[in-house]
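Novice: Structure file model.pdb (PDB, C-alpha atoms) right here:
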```
ATOM      1  CA  MET A 663       0.000   0.000   0.000
ATOM      2  CA  HIS A 664       1.683   3.262   1.159
ATOM      3  CA  GLU A 665       5.191   1.975   1.849
ATOM      4  CA  LEU A 666       6.750   5.395   1.292
ATOM      5  CA  SER A 667       4.831   7.027   4.152
ATOM      6  CA  ILE A 668       5.369   3.977   6.363
ATOM      7  CA  CYS A 669       9.098   4.182   5.651
ATOM      8  CA  ASN A 670       9.096   7.870   6.586
ATOM      9  CA  ALA A 671       7.471   7.013   9.923
ATOM     10  CA  LEU A 672      10.002   4.225  10.418
ATOM     11  CA  ILE A 673      13.049   6.437   9.828
ATOM     12  CA  GLU A 674      11.664   9.089  12.184
ATOM     13  CA  GLU A 675      10.945   6.510  14.887
ATOM     14  CA  ALA A 676      14.430   4.987  14.583
ATOM     15  CA  GLN A 677      16.114   8.406  14.816
ATOM     16  CA  ASN A 678      14.008   9.255  17.878
ATOM     17  CA  GLU A 679      14.959   5.997  19.581
ATOM     18  CA  VAL A 680      18.663   6.612  19.011
ATOM     19  CA  ARG A 681      18.418  10.209  20.247
ATOM     20  CA  ARG A 682      16.594   9.015  23.353
ATOM     21  CA  SER A 683      19.390   6.517  24.057
ATOM     22  CA  GLY A 684      21.958   9.330  24.027
ATOM     23  CA  ARG A 685      24.253   7.426  21.641
ATOM     24  CA  THR A 686      25.942   9.136  18.737
ATOM     25  CA  GLY A 687      27.474   6.249  16.733
ATOM     26  CA  ARG A 688      26.317   5.529  13.214
ATOM     27  CA  ILE A 689      23.300   3.284  12.825
ATOM     28  CA  ARG A 690      24.390  -0.006  11.260
ATOM     29  CA  ARG A 691      21.241  -2.023  11.085
ATOM     30  CA  ILE A 692      17.573  -1.973  11.958
ATOM     31  CA  ASP A 693      15.424  -5.032  12.549
ATOM     32  CA  LEU A 694      11.744  -5.029  11.695
ATOM     33  CA  THR A 695       8.834  -7.400  12.071
ATOM     34  CA  ILE A 696       6.313  -7.154   9.258
ATOM     35  CA  GLY A 697       3.500  -9.676   9.507
ATOM     36  CA  ARG A 698       2.324 -11.403   6.345
ATOM     37  CA  LEU A 699      -1.152  -9.911   6.754
ATOM     38  CA  SER A 700       0.036  -6.379   7.568
ATOM     39  CA  GLY A 701      -0.663  -5.239   4.013
ATOM     40  CA  VAL A 702       2.909  -3.964   3.669
ATOM     41  CA  SER A 703       5.061  -5.234   0.823
ATOM     42  CA  CYS A 704       8.615  -5.819   2.085
ATOM     43  CA  ASP A 705      10.088  -5.315  -1.394
ATOM     44  CA  SER A 706       8.416  -1.910  -1.691
ATOM     45  CA  LEU A 707       9.542  -1.006   1.832
ATOM     46  CA  ARG A 708      13.186  -1.881   1.016
ATOM     47  CA  PHE A 709      12.909   0.173  -2.148
ATOM     48  CA  ALA A 710      11.453   3.115  -0.193
ATOM     49  CA  PHE A 711      14.175   2.767   2.466
ATOM     50  CA  ASP A 712      16.956   3.103  -0.122
ATOM     51  CA  LEU A 713      15.211   6.163  -1.552
ATOM     52  CA  LEU A 714      14.632   7.901   1.767
ATOM     53  CA  LYS A 715      17.657   7.083   3.934
ATOM     54  CA  PRO A 716      20.262   9.401   2.305
ATOM     55  CA  GLY A 717      20.737  12.471   4.487
ATOM     56  CA  THR A 718      19.249  10.788   7.590
ATOM     57  CA  ASP A 719      20.969   9.039  10.525
ATOM     58  CA  LEU A 720      20.155   5.769   8.773
ATOM     59  CA  GLU A 721      22.165   6.591   5.666
ATOM     60  CA  ASP A 722      24.518   3.610   6.141
ATOM     61  CA  ALA A 723      22.018   1.297   7.808
ATOM     62  CA  ARG A 724      20.905  -2.082   6.555
ATOM     63  CA  MET A 725      17.321  -3.239   6.978
ATOM     64  CA  ALA A 726      16.513  -6.777   8.137
ATOM     65  CA  ILE A 727      12.888  -7.927   8.091
ATOM     66  CA  ALA A 728      11.258 -10.888   9.839
ATOM     67  CA  GLU A 729       7.935 -11.870   8.258
ATOM     68  CA  PRO A 730       5.905 -13.952  10.712
ATOM     69  CA  LYS A 731       2.965 -15.914   9.360
ATOM     70  CA  ALA A 732      -0.573 -15.755  10.644
ATOM     71  CA  THR A 733      -2.584 -18.660  12.044
ATOM     72  CA  CYS A 734      -5.933 -19.933  10.892
ATOM     73  CA  TYR A 735      -7.853 -21.593  13.717
ATOM     74  CA  CYS A 736     -10.807 -23.763  12.712
ATOM     75  CA  ARG A 737     -13.673 -23.992  15.219
ATOM     76  CA  THR A 738     -15.028 -27.061  13.436
ATOM     77  CA  CYS A 739     -12.001 -29.395  13.238
ATOM     78  CA  ASN A 740      -9.772 -27.509  15.734
ATOM     79  CA  ALA A 741      -6.898 -27.386  13.247
ATOM     80  CA  ARG A 742      -4.358 -24.603  13.690
ATOM     81  CA  VAL A 743      -2.642 -23.907  10.366
ATOM     82  CA  GLU A 744       0.037 -21.337   9.513
ATOM     83  CA  ILE A 745      -0.994 -19.146   6.587
ATOM     84  CA  ASP A 746       0.802 -16.637   4.329
ATOM     85  CA  ASP A 747      -2.376 -14.985   3.080
ATOM     86  CA  TYR A 748      -5.927 -14.433   4.178
ATOM     87  CA  VAL A 749      -8.051 -17.550   3.768
ATOM     88  CA  MET A 750     -11.830 -17.822   3.711
ATOM     89  CA  GLN A 751     -12.020 -21.464   4.786
ATOM     90  CA  CYS A 752     -10.051 -23.938   6.892
ATOM     91  CA  PRO A 753      -7.138 -25.341   4.800
ATOM     92  CA  GLU A 754      -7.724 -28.757   6.463
ATOM     93  CA  CYS A 755     -11.485 -29.395   6.438
ATOM     94  CA  PHE A 756     -12.624 -26.486   4.185
ATOM     95  CA  GLY A 757     -15.115 -25.400   6.862
ATOM     96  CA  GLY A 758     -16.044 -21.726   7.124
ATOM     97  CA  ASN A 759     -16.104 -21.243  10.889
ATOM     98  CA  ILE A 760     -12.573 -19.920  11.277
ATOM     99  CA  ALA A 761     -10.632 -17.236  13.101
ATOM    100  CA  ILE A 762      -7.478 -15.643  11.718
ATOM    101  CA  GLU A 763      -4.915 -14.700  14.339
ATOM    102  CA  GLY A 764      -1.690 -12.662  14.220
ATOM    103  CA  GLY A 765       0.415 -11.762  11.202
ATOM    104  CA  ARG A 766      -0.483  -8.082  11.331
ATOM    105  CA  ASP A 767       2.472  -6.664  13.289
ATOM    106  CA  LEU A 768       4.332  -3.664  11.969
ATOM    107  CA  LEU A 769       7.216  -3.254  14.422
ATOM    108  CA  LEU A 770      10.604  -1.644  14.696
ATOM    109  CA  GLU A 771      12.247  -4.302  16.870
ATOM    110  CA  SER A 772      15.800  -3.065  17.379
ATOM    111  CA  ILE A 773      18.524  -0.749  16.176
ATOM    112  CA  GLU A 774      22.227  -1.579  16.009
ATOM    113  CA  ILE A 775      24.658   1.299  16.548
ATOM    114  CA  GLU A 776      28.425   1.414  16.041
ATOM    115  CA  ASP A 777      30.243   1.174  19.366
TER     116      ASP A 777
ATOM    117  CA  MET B1384      25.428  -1.999  20.648
ATOM    118  CA  LYS B1385      21.819  -2.809  20.124
ATOM    119  CA  ILE B1386      18.828  -0.701  21.144
ATOM    120  CA  ILE B1387      15.685  -2.686  21.712
ATOM    121  CA  ALA B1388      12.860  -0.531  20.398
ATOM    122  CA  ALA B1389       9.840  -2.844  19.954
ATOM    123  CA  LYS B1390       7.840   0.096  18.661
ATOM    124  CA  LYS B1391       4.867   0.093  16.335
ATOM    125  CA  ILE B1392       6.024   1.722  13.117
ATOM    126  CA  LEU B1393       2.779   3.656  12.753
ATOM    127  CA  LYS B1394       2.895   4.622  16.429
ATOM    128  CA  ALA B1395       2.814   8.319  15.603
ATOM    129  CA  ASN B1396      -0.438   7.839  13.681
ATOM    130  CA  ASP B1397      -1.948   5.562  16.346
ATOM    131  CA  GLN B1398      -1.132   8.075  19.081
ATOM    132  CA  LEU B1399      -2.666  10.932  17.136
ATOM    133  CA  ALA B1400      -5.724   8.781  16.459
ATOM    134  CA  GLU B1401      -6.122   8.146  20.206
ATOM    135  CA  GLU B1402      -5.843  11.885  20.818
ATOM    136  CA  ASN B1403      -8.499  12.538  18.165
ATOM    137  CA  ARG B1404     -10.795   9.956  19.790
ATOM    138  CA  ALA B1405     -10.266  11.458  23.240
ATOM    139  CA  GLY B1406     -11.079  14.901  21.836
ATOM    140  CA  PHE B1407     -14.261  13.596  20.191
ATOM    141  CA  ASN B1408     -15.294  11.832  23.420
ATOM    142  CA  ALA B1409     -14.729  14.984  25.471
ATOM    143  CA  ALA B1410     -16.819  17.036  23.030
ATOM    144  CA  GLY B1411     -19.574  14.413  22.823
ATOM    145  CA  VAL B1412     -18.962  13.796  19.121
ATOM    146  CA  TYR B1413     -19.474  10.344  17.566
ATOM    147  CA  CYS B1414     -16.983   9.801  14.739
ATOM    148  CA  VAL B1415     -17.500   7.444  11.791
ATOM    149  CA  ASN B1416     -14.872   6.576   9.161
ATOM    150  CA  VAL B1417     -16.538   5.631   5.863
ATOM    151  CA  VAL B1418     -14.386   3.608   3.454
ATOM    152  CA  GLY B1419     -15.088   1.922   0.115
ATOM    153  CA  SER B1420     -14.160   1.944  -3.573
ATOM    154  CA  PRO B1421     -14.566   4.978  -5.804
ATOM    155  CA  GLY B1422     -18.185   4.879  -6.997
ATOM    156  CA  ALA B1423     -19.445   2.578  -4.229
ATOM    157  CA  GLY B1424     -21.993   5.256  -3.322
ATOM    158  CA  LYS B1425     -20.454   6.663  -0.136
ATOM    159  CA  THR B1426     -21.568  10.257  -0.742
ATOM    160  CA  THR B1427     -25.039   9.257  -1.951
ATOM    161  CA  LEU B1428     -25.459   7.130   1.179
ATOM    162  CA  LEU B1429     -24.424  10.065   3.381
ATOM    163  CA  GLU B1430     -26.851  12.401   1.596
ATOM    164  CA  ALA B1431     -29.715   9.978   2.240
ATOM    165  CA  LEU B1432     -28.753   9.361   5.888
ATOM    166  CA  PHE B1433     -28.321  13.056   6.682
ATOM    167  CA  THR B1434     -31.698  13.854   5.143
ATOM    168  CA  ALA B1435     -33.315  11.123   7.267
ATOM    169  CA  LEU B1436     -31.503  12.314  10.417
ATOM    170  CA  LYS B1437     -32.176  16.008   9.818
ATOM    171  CA  ASP B1438     -34.016  16.866  13.032
ATOM    172  CA  ARG B1439     -32.353  14.213  15.198
ATOM    173  CA  LEU B1440     -28.597  14.750  14.897
ATOM    174  CA  ARG B1441     -26.237  17.590  14.066
ATOM    175  CA  PRO B1442     -23.776  16.062  11.592
ATOM    176  CA  ALA B1443     -20.587  17.405  10.013
ATOM    177  CA  VAL B1444     -18.334  15.871   7.367
ATOM    178  CA  ILE B1445     -14.646  15.688   6.556
ATOM    179  CA  GLU B1446     -14.317  14.869   2.850
ATOM    180  CA  GLY B1447     -11.119  13.187   1.698
ATOM    181  CA  ASP B1448     -10.316  13.267  -2.002
ATOM    182  CA  ILE B1449      -7.229  13.171  -4.160
ATOM    183  CA  ALA B1450      -8.415  16.344  -5.902
ATOM    184  CA  GLY B1451     -11.352  18.725  -6.105
ATOM    185  CA  SER B1452     -14.355  19.329  -3.883
ATOM    186  CA  ILE B1453     -17.224  17.710  -5.797
ATOM    187  CA  ASP B1454     -18.408  15.624  -2.816
ATOM    188  CA  ALA B1455     -17.992  18.510  -0.357
ATOM    189  CA  ALA B1456     -20.246  20.663  -2.542
ATOM    190  CA  ARG B1457     -22.935  17.944  -2.461
ATOM    191  CA  ILE B1458     -22.789  17.739   1.348
ATOM    192  CA  GLU B1459     -22.788  21.525   1.702
ATOM    193  CA  LYS B1460     -26.039  21.674  -0.299
ATOM    194  CA  LEU B1461     -27.728  19.800   2.564
ATOM    195  CA  GLY B1462     -26.680  22.534   4.988
ATOM    196  CA  VAL B1463     -24.197  20.189   6.671
ATOM    197  CA  PRO B1464     -20.841  21.759   7.692
ATOM    198  CA  VAL B1465     -18.025  20.220   5.644
ATOM    199  CA  VAL B1466     -14.234  20.457   5.406
ATOM    200  CA  GLN B1467     -12.433  19.204   2.307
ATOM    201  CA  ILE B1468      -9.025  17.529   2.524
ATOM    202  CA  ASN B1469      -7.155  17.176  -0.770
ATOM    203  CA  THR B1470      -4.347  14.650  -0.426
ATOM    204  CA  GLN B1471      -2.647  15.588  -3.737
ATOM    205  CA  GLY B1472      -2.245  11.956  -4.685
ATOM    206  CA  ALA B1473      -1.910  10.263  -1.278
ATOM    207  CA  CYS B1474      -4.050   7.130  -1.179
ATOM    208  CA  HIS B1475      -5.421   7.434   2.375
ATOM    209  CA  LEU B1476      -6.249   9.897   5.138
ATOM    210  CA  ASP B1477      -4.202   9.793   8.341
ATOM    211  CA  ALA B1478      -4.887  10.894  11.907
ATOM    212  CA  ASN B1479      -2.812  14.052  11.518
ATOM    213  CA  MET B1480      -4.980  15.280   8.619
ATOM    214  CA  ILE B1481      -8.102  14.589  10.689
ATOM    215  CA  ALA B1482      -6.747  16.534  13.685
ATOM    216  CA  ALA B1483      -6.166  19.557  11.442
ATOM    217  CA  ALA B1484      -9.569  19.275   9.720
ATOM    218  CA  ALA B1485     -11.501  18.728  12.973
ATOM    219  CA  ALA B1486      -9.984  21.918  14.376
ATOM    220  CA  ASP B1487     -11.995  23.816  11.743
ATOM    221  CA  PHE B1488     -15.300  22.729  13.329
ATOM    222  CA  ASP B1489     -17.058  23.948  16.439
ATOM    223  CA  LEU B1490     -17.283  20.471  18.007
ATOM    224  CA  ALA B1491     -19.820  21.715  20.559
ATOM    225  CA  ALA B1492     -22.273  22.219  17.678
ATOM    226  CA  ILE B1493     -21.806  18.651  16.298
ATOM    227  CA  ASP B1494     -23.088  15.210  17.396
ATOM    228  CA  LEU B1495     -21.854  13.121  14.485
ATOM    229  CA  LEU B1496     -18.625  13.621  12.540
ATOM    230  CA  VAL B1497     -18.406  11.538   9.385
ATOM    231  CA  ILE B1498     -15.076  11.134   7.632
ATOM    232  CA  GLU B1499     -15.529  10.115   4.011
ATOM    233  CA  ASN B1500     -12.194   8.493   3.241
ATOM    234  CA  ILE B1501     -10.434   8.339  -0.137
ATOM    235  CA  GLY B1502     -12.109   5.829  -2.469
ATOM    236  CA  ASN B1503      -9.752   2.873  -1.977
ATOM    237  CA  LEU B1504     -10.131  -0.674  -0.632
ATOM    238  CA  VAL B1505      -6.445  -1.145   0.190
ATOM    239  CA  CYS B1506      -4.560   1.698   1.833
ATOM    240  CA  THR B1507      -7.312   3.161   3.981
ATOM    241  CA  ALA B1508      -7.285  -0.108   5.965
ATOM    242  CA  GLY B1509      -3.977   0.676   7.668
ATOM    243  CA  PHE B1510      -4.771   3.988   9.338
ATOM    244  CA  ASP B1511      -6.799   4.544  12.491
ATOM    245  CA  LEU B1512      -8.209   8.080  12.294
ATOM    246  CA  GLY B1513      -9.660   8.223  15.808
ATOM    247  CA  GLU B1514     -13.128   7.076  14.767
ATOM    248  CA  HIS B1515     -15.594   5.135  16.936
ATOM    249  CA  LEU B1516     -16.958   3.133  14.017
ATOM    250  CA  ARG B1517     -15.653   2.178  10.600
ATOM    251  CA  ILE B1518     -18.217   1.475   7.898
ATOM    252  CA  VAL B1519     -17.219  -0.198   4.645
ATOM    253  CA  VAL B1520     -19.514   0.602   1.718
ATOM    254  CA  LEU B1521     -19.814  -1.933  -1.113
ATOM    255  CA  SER B1522     -22.147  -1.549  -4.079
ATOM    256  CA  THR B1523     -23.816  -4.604  -5.547
ATOM    257  CA  ALA B1524     -22.255  -3.809  -8.943
ATOM    258  CA  GLU B1525     -18.756  -4.326  -7.527
ATOM    259  CA  GLY B1526     -19.447  -8.006  -6.926
ATOM    260  CA  ASP B1527     -19.911 -10.343  -3.965
ATOM    261  CA  ASP B1528     -16.255 -11.468  -3.939
ATOM    262  CA  LYS B1529     -14.755  -8.234  -2.602
ATOM    263  CA  ALA B1530     -14.415  -9.302   1.039
ATOM    264  CA  ALA B1531     -12.450 -12.353  -0.109
ATOM    265  CA  LYS B1532     -10.283 -10.236  -2.416
ATOM    266  CA  TYR B1533      -9.673  -7.240  -0.111
ATOM    267  CA  PRO B1534      -9.889  -8.843   3.343
ATOM    268  CA  ALA B1535      -7.980  -6.248   5.378
ATOM    269  CA  ILE B1536     -10.456  -3.416   4.818
ATOM    270  CA  PHE B1537     -13.406  -5.672   5.710
ATOM    271  CA  GLN B1538     -11.690  -7.187   8.731
ATOM    272  CA  GLY B1539     -11.145  -3.802  10.380
ATOM    273  CA  SER B1540     -14.697  -2.558   9.777
ATOM    274  CA  GLN B1541     -17.600  -2.936  12.206
ATOM    275  CA  ALA B1542     -20.364  -2.526   9.647
ATOM    276  CA  LEU B1543     -20.956  -3.219   5.964
ATOM    277  CA  PHE B1544     -23.396  -1.175   3.897
ATOM    278  CA  ILE B1545     -24.442  -2.968   0.707
ATOM    279  CA  THR B1546     -25.560  -0.148  -1.617
ATOM    280  CA  LYS B1547     -27.406  -0.036  -4.944
ATOM    281  CA  ALA B1548     -29.612  -2.942  -3.836
ATOM    282  CA  ASP B1549     -32.099  -1.896  -6.543
ATOM    283  CA  LEU B1550     -29.655  -3.327  -9.121
ATOM    284  CA  LEU B1551     -29.828  -6.834  -7.644
ATOM    285  CA  PRO B1552     -32.293  -8.195 -10.270
ATOM    286  CA  HIS B1553     -29.742  -7.356 -12.991
ATOM    287  CA  LEU B1554     -26.628  -8.772 -11.310
ATOM    288  CA  ASN B1555     -25.136 -12.065 -10.142
ATOM    289  CA  PHE B1556     -24.598 -10.649  -6.659
ATOM    290  CA  ASN B1557     -24.974 -13.292  -3.968
ATOM    291  CA  ALA B1558     -25.687 -11.493  -0.683
ATOM    292  CA  GLU B1559     -25.176 -14.746   1.229
ATOM    293  CA  ARG B1560     -21.620 -15.043  -0.034
ATOM    294  CA  ILE B1561     -20.540 -11.534   0.992
ATOM    295  CA  THR B1562     -22.353 -11.954   4.321
ATOM    296  CA  ALA B1563     -20.547 -15.221   5.070
ATOM    297  CA  ASP B1564     -17.139 -13.824   4.050
ATOM    298  CA  PHE B1565     -17.630 -10.609   6.022
ATOM    299  CA  LYS B1566     -18.821 -12.448   9.148
ATOM    300  CA  ARG B1567     -15.754 -14.674   8.945
ATOM    301  CA  LEU B1568     -13.445 -11.645   8.845
ATOM    302  CA  ALA B1569     -15.407  -9.516  11.322
ATOM    303  CA  PRO B1570     -17.641 -11.734  13.491
ATOM    304  CA  GLN B1571     -19.076  -8.915  15.651
ATOM    305  CA  SER B1572     -20.057  -6.796  12.676
ATOM    306  CA  GLU B1573     -23.400  -5.699  11.249
ATOM    307  CA  ILE B1574     -24.690  -5.638   7.674
ATOM    308  CA  LEU B1575     -27.229  -3.205   6.227
ATOM    309  CA  GLN B1576     -28.640  -3.154   2.717
ATOM    310  CA  VAL B1577     -29.873   0.029   1.045
ATOM    311  CA  ALA B1578     -30.854   1.635  -2.233
ATOM    312  CA  ALA B1579     -30.023   5.189  -1.231
ATOM    313  CA  ILE B1580     -31.446   7.029  -4.261
ATOM    314  CA  GLN B1581     -34.805   5.262  -3.902
ATOM    315  CA  GLY B1582     -34.610   5.495  -0.116
ATOM    316  CA  ASP B1583     -35.020   1.741   0.442
ATOM    317  CA  GLY B1584     -33.514   0.670   3.756
ATOM    318  CA  ILE B1585     -32.568   4.231   4.704
ATOM    319  CA  PRO B1586     -34.999   4.768   7.648
ATOM    320  CA  PRO B1587     -33.762   1.675   9.555
ATOM    321  CA  ALA B1588     -30.151   2.531   8.671
ATOM    322  CA  ALA B1589     -30.629   6.070  10.023
ATOM    323  CA  ASP B1590     -32.181   4.653  13.231
ATOM    324  CA  TRP B1591     -29.258   2.249  13.544
ATOM    325  CA  LEU B1592     -26.678   5.052  13.189
ATOM    326  CA  ALA B1593     -28.518   7.322  15.631
ATOM    327  CA  GLY B1594     -28.625   4.415  18.091
ATOM    328  CA  LYS B1595     -24.862   3.868  17.742
ATOM    329  CA  CYS B1596     -24.226   7.574  18.479
ATOM    330  CA  ALA B1597     -26.447   7.539  21.535
ATOM    331  CA  ALA B1598     -25.049   4.275  22.916
ATOM    332  CA  THR B1599     -21.427   5.403  22.639
ATOM    333  CA  LEU B1600     -21.812   8.930  23.927
ATOM    334  CA  ARG B1601     -24.054   8.211  26.876
TER     335      ARG B1601
END
```
Is it possible to express this structure as structure tokens?
Specialist:
Amino acid sequence: MHELSICNALIEEAQNEVRRSGRTGRIRRIDLTIGRLSGVSCDSLRFAFDLLKPGTDLEDARMAIAEPKATCYCRTCNARVEIDDYVMQCPECFGGNIAIEGGRDLLLESIEIED
Amino acid sequence: MKIIAAKKILKANDQLAEENRAGFNAAGVYCVNVVGSPGAGKTTLLEALFTALKDRLRPAVIEGDIAGSIDAARIEKLGVPVVQINTQGACHLDANMIAAAAADFDLAAIDLLVIENIGNLVCTAGFDLGEHLRIVVLSTAEGDDKAAKYPAIFQGSQALFITKADLLPHLNFNAERITADFKRLAPQSEILQVAAIQGDGIPPAADWLAGKCAATLR
């Protein structure tokens, strides 16, 4: 969807975190969690990051992304199945009485700074 | 060294949205975020609801569009206060835009603030604006498969308005399919069916919305 504006928010948040820590070293790496159902395309986010990072404290930083799956829980057969995309029925019994859990995180997990 | 942040990337937006909601609560304003495709009938639905609610609620509208003020002019004709946001190409409204637009209203003179979001079934799903209720509007002509194809926007909505119900005899729109898909994504949600131009289904929909306002603000 709007990876450019999400990336802007990310860079701002990372810079704020570093400022709050009182450190001044260069930022080497940031780690993100982007759930499979978050609606954010990791490829587009990487592309946006390369476009936006010059001139910021993240100029030399690398971006690492974990992409956790979501879970489909079926109330009919009790199966719990990991899914990459939204599903409309249980992948095991094809029943419709399901609940989709997780996979929607959009988190800045950690920031690595030069010592 | 490593700094553990564990921060939501859209935290700034979420915080602003919470501030918007707190401001609306303090002023006794019920806020509704209306999303749906371009042409789903969002503005026509609002026109019909506002006409039905004329002597019962004091509404106001924030209109979000890429360009122009066509919808705002339609709302203004009803005597409803309206602020237009032009996003100049951005595909969604965010909480910051809403904070700025809401500041243009006298909130003490409003009971119901409706935000008509940019026509888009994708990007608008990611941004909390500080609303109490999100309504997704889907016209029968768009097809009954839209919840399955654009699940995120349906999952985050608490109500579905099926519009242009008068076209049903001419279409292969299966209301049972969209109902089942929507209930799967949003089990606590409600579904209303209207033909806004003809007025079919509008009186109960207006009662429903007025009831939501009253229940939340009391």
Novice: Taking only residues of chain B that have an atom at most 6 Å from an atom of chain A, what is each one's shortest atom pair and its distance in Å to one decimal, using all atoms listed in the file, in chain and number order, as CSV?
Specialist:
```
residue,atom,partner,partner_atom,distance
B:Met1384,CA,A:Ile775,CA,5.3
B:Lys1385,CA,A:Glu774,CA,4.3
B:Ile1386,CA,A:Ile773,CA,5.0
B:Ile1387,CA,A:Ser772,CA,4.4
B:Ala1388,CA,A:Ser772,CA,4.9
B:Ala1389,CA,A:Glu771,CA,4.2
B:Lys1390,CA,A:Leu770,CA,5.1
B:Lys1391,CA,A:Leu769,CA,4.5
B:Ile1392,CA,A:Leu769,CA,5.3
B:Cys1506,CA,A:Met663,CA,5.2
```
Novice: Selection in question (the file shown): the PyMOL selection byres ((chain B and resi 1581) around 10). Which residues does it include, as an NGL selection string?
Specialist: :B and (1431 or 1547-1549 or 1577-1580 or 1582-1585)
Novice: From the options A:Leu713, A:Gly697, A:Asp705, A:Ala741, which residue's atoms come nearest to A:Glu729, counting only C-alpha atoms?
Specialist: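 Smallest separation from A:Glu729 among the options: A:Gly697.
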Novice: So that I can see what lies close to B:Leu1568, please list as a list in words the residues with an atom at most 7 Å from it, counting only C-alpha atoms and leaving out residues fewer than 4 positions away in the same chain.
Specialist: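 The contact residues come out as Phe1537, Gln1538 and Asp1564 of chain B.
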Novice: Find the residue from A:Gly764, A:Leu666, A:Leu720, A:Arg682 that sits nearest to A:Arg708; use all atoms listed in the file when measuring.
Specialist: A:Leu666
Novice: Mind checking which residues fall within 12 Å of B:Asn1555, counting all atoms listed in the file, ignoring those fewer than 3 positions away in the same chain, and posting them as a compact mmCIF listing (two decimals) with C-alpha atoms, keeping the file's coordinate frame?
Specialist:
```txt
# COMPACT_ATOMS: atom_id res chain seq x y z
CA THR B 1523 -23.82 -4.60 -5.55
CA ALA B 1524 -22.26 -3.81 -8.94
CA GLU B 1525 -18.76 -4.33 -7.53
CA GLY B 1526 -19.45 -8.01 -6.93
CA ASP B 1527 -19.91 -10.34 -3.96
CA ASP B 1528 -16.26 -11.47 -3.94
CA ALA B 1548 -29.61 -2.94 -3.84
CA LEU B 1550 -29.66 -3.33 -9.12
CA LEU B 1551 -29.83 -6.83 -7.64
CA PRO B 1552 -32.29 -8.20 -10.27
CA ALA B 1558 -25.69 -11.49 -0.68
CA GLU B 1559 -25.18 -14.75 1.23
CA ARG B 1560 -21.62 -15.04 -0.03
```
Novice: If I put a ball of radius 8 Å at (-15.4, 6.4, 9.9) in the file's coordinates, which residues poke into it when counting only C-alpha atoms, written as JSON, numbers by chain?
Specialist: {"B": [1414, 1415, 1416, 1417, 1418, 1497, 1498, 1499, 1500, 1512, 1514, 1515, 1516, 1517, 1518]}
